[in-house]
There are 2 protein chains.
Amino acid sequence: MPENGTRFRRWLKGLEAHRLDGFLVTHPPNLRYLFNFTGSAGIACCLATESHLIVDSRYIEQADSETRNCQSMLAEKSLEDTLKAFLSTSARFQGHTPRIGLEAHHISYDFVLRVQSWQTNIEWVPTRNLIEEMRMIKDKGEIQLLERAFQIAQTAYQHFAERIRPGMTEAEVAGILEFELRKAGGQGLAFETIVSSGPRTSLPHASSTDKRIESNEYVLIDFGLKYQGYCSDLTRIHLSPEAKRPAIYQVVQEAQEKALALIKPGARSDQIDAAARSVISQHGFGENFGHSTGHGLGLEVHELPVISHRRPRELQEGMVFTVEPGIYLPGQYGVRIEDAVAVTHDGCRLLSDRNL
Amino acid sequence: MPENGTRFRRWLKGLEAHRLDGFLVTHPPNLRYLFNFTGSAGIACCLATESHLIVDSRYIEQADSETRNCQSMLAEKSLEDTLKAFLSTSARFQGHTPRIGLEAHHISYDFVLRVQSWQTNIEWVPTRNLIEEMRMIKDKGEIQLLERAFQIAQTAYQHFAERIRPGMTEAEVAGILEFELRKAGGQGLAFETIVSSGPRTSLPHASSTDKRIESNEYVLIDFGLKYQGYCSDLTRIHLSPEAKRPAIYQVVQEAQEKALALIKPGARSDQIDAAARSVISQHGFGENFGHSTGHGLGLEVHELPVISHRRPRELQEGMVFTVEPGIYLPGQYGVRIEDAVAVTHDGCRLLSDRNL
């Protein structure tokens with residue numbers, strides 16, 4: 001369980017820097033990060049000197065026992081009613097208009113319309129990624145949990161790879177993998193397992209279907225588990241006995257190598273993306289690599305930083321992200337290879353084994 | 001695959017009734033319901049005579065092949081940029097201010113702030129549950145898919161129940177169940193499987209941990225799968241060989257029976273809730289049943305109607321929902337029993353076998 005007293009104090013300092021008198025945290029991964037709350041719903045109301053986590057009856061016992069940096073509070077009717085009552089009786093706002101931050105990219109428009117209709121003297125301030133920017137830089141404990149998540153994923157994959165056979169359906173194959181993930185110590189899935197075969201590999205985000213895997217087809221497997229909240233994310237191409245790696249495999253592999261070689265503090269995310277993309281473009285497949293080269297990993301399977309040309313950002317020690325170039329030829333086939341790295345003080349360390 | 005031409009025409013009629021010139025659909029289950037799109041992200045822009053589904057490159061091939069009632073459109077940069085360009089070149093709005101509806105309880109505040117900043121002459125209209133109200137009444141095809149989802153869940157549970165033993169951890173037990181769900185034909189999980197044992201059963205939404213199941217403990221299992229997008233949801237108490245059913249089991253069972261007996265078109269959701277709750281209160285456990293008696297099931301595991309005292313609503317033929325009273329004694333133990341029904345023309349039909 002990560003130590004989060006320090007990060008919580010940094011968070012409160014951040015609020016001051018944004019001239020916020022308070023903040024509502026509602027996004028579950030952020031509730032987990034700051035308060036160690038693992039439930040699926042709650043509203044944390046952070047003020048300078050005290051934070052309350054409002055939960056419904058499903059979660060009150062759990063909140064009492066697992067949370068830190070806050071006091072849990074039971075919502076008798078709805079989370080919002082309790083929040084409203086709490087804020088209107090809070091004496092600290094007498095005499096000035098408090099500025100309370102909201103997680104604008106997570107909170108619904110409906111929620112905002114409702115709190116704005118309360119007729120309190122609160123100024124609701126939309127904010128973006130305040131907690132996500134903190135979460136982007138992992139501490140040692142978090143990196144250890146991510147490493148463990150990848151170890152479990154890889155152990156499971158090895159057992160799985162011995163068990164799958166042509167003739168099985170994609171869904172069966174997904175089931176075998178998910179079972180091995182559990183057996184190896186995974187605590188739930190990070191996302192819906194993708195198993196695609198034959199022409200379906202050209203769909204970058206295919207789900208698993210009842211299609212049977214032919215003996216001359218390869219299988220694309222994109223899978224992730226959670227371990228103490230932290231997500232693994234790997235994509236591998238599994239060859240059936242008579243299947244051959246398509247020529248584009250080597251192109252994707254080379255693109256990944258070029259990207260990996262550049263990763264270190266101070267390099268920019270768009271340069272990493274460009275490195276992978278230029279290899280693929282040189283081979284004439286630029287149009288067939290439509291997604292970004294990678295994304296951050298942590299309490300969510302997609303988080304900051306984004307490794308793309310769009311939002312250039314300097315890499316820093318402690319960032320953890322995927323490197324996953326791909327080539328997709330519609331109606332024919334596709335290849336993606338996905339590994340993950342942690343940025344170190346002078347380069348990066350792979351969290352996954354590229355020879356797996 | 002459900003026929004959705006009729007429902008789409010009803011949807012367009014509904015927009016007229018709300019004096020909307022257009023609508024943005026962004027919530028994935030709603031995109032699936034109206035357009036048969038199964039991807040995880042997209043924006044459908046519905047106008048009176050044409051609808052476009054904007055997706056990124058991950059989903060364009062899939063959108064081209066699977067969707068109906070709309071034309072797919074590739075977002076070169078972001079979904080929002082493409083939407084903005086499309087709306088600003090659309091000739092149909094010349095001369096008046098179009099009213100375009102948004103799904104206010106799904107769309108983020110951030111998204112709304114951005115579209116409002118576009119300086120177009122569009123009036124963005126927050127709406128609530130327009131598509132969810134339609135989805136609440138299932139057609140025959142949908143009910144068949146739900147029935148199939150429950151059949152698969154029950155077959156899997158029977159195989160599972162033969163395999164679990166004291167000494168296994170909760171997480172192992174969850175893994176076995178999830179594997180059986182896949183084997184029986186499940187296409188992914190509807191939610192994170194809950195397996196709790198001993199004192200952990202008093203947490204209504206416990207996840208599964210490394211705790212080992214003792215031979216004198218019972219196990220609470222709350223699980224759901226997806227079948228063609230439709231969700232099952234069942235909770236059962238599994239007895240280890242030396243474990244006994246606690247006395248509260250019968251109370252919960254009786255509460256469920258009383259609720260089930262009242263379900264028919266014209267009965268109100270709050271009456272169903274009150275029927276279950278009064279049995280539990282009569283036995284002195286009113287404070288220990290904190291959640292609602294049930295919730296709708298369909299493309300989401302929690303949807304309309306809510307079976308609680310809060311939002312009374314007349315039941316109608318075609319509604320499908322759970323009936324799941326529970327008693328939770330903090331620090332001791334808890335029991336929940338959950339089944340699901342489809343409302344028929346003169347009563348209801350169980351989708352699950354209460355003797356399972």
# chains A, B, ... in the order shown; residues from 1 in each chain; ligands from 1
>>> residues_around(residues="stretch 184-198 of chain B", least_positions_apart="6", cutoff="8 Å", atoms="only C-alpha atoms", output="VMD selection string")
(chain A and resid 171 188 192 208 to 209) or (chain B and resid 149 152 to 153 155 to 156 170 to 171 173 to 174 178 205 to 209 213 to 214 217 to 228 231 to 233 300 to 301 332 to 333)
>>> interface_residues(of="chain A", to="chain B", cutoff="6 Å", atoms="only C-alpha atoms", output="VMD selection string")
chain A and resid 57 to 58 104 to 110 175 179 182 204 290
>>> atom_distance(atom1="atom CA of B:His27", atom2="atom CA of B:His302")
13.8 Å
>>> select_by_dssp(residues="stretch 287-330 of chain B", states="strand (DSSP E)", output="count of residues only")
16
>>> closest_residue(among="B:Ala255, B:Glu314, B:Cys348, B:Asp270", to="B:Gly326", atoms="only C-alpha atoms")
B:Ala255
>>> select_by_dssp(residues="stretch 42-237 of chain A", states="alpha helix (DSSP H)", output="number ranges by chain")
A: 60-66, 79-89, 109-116, 130-136, 140-163, 170-184
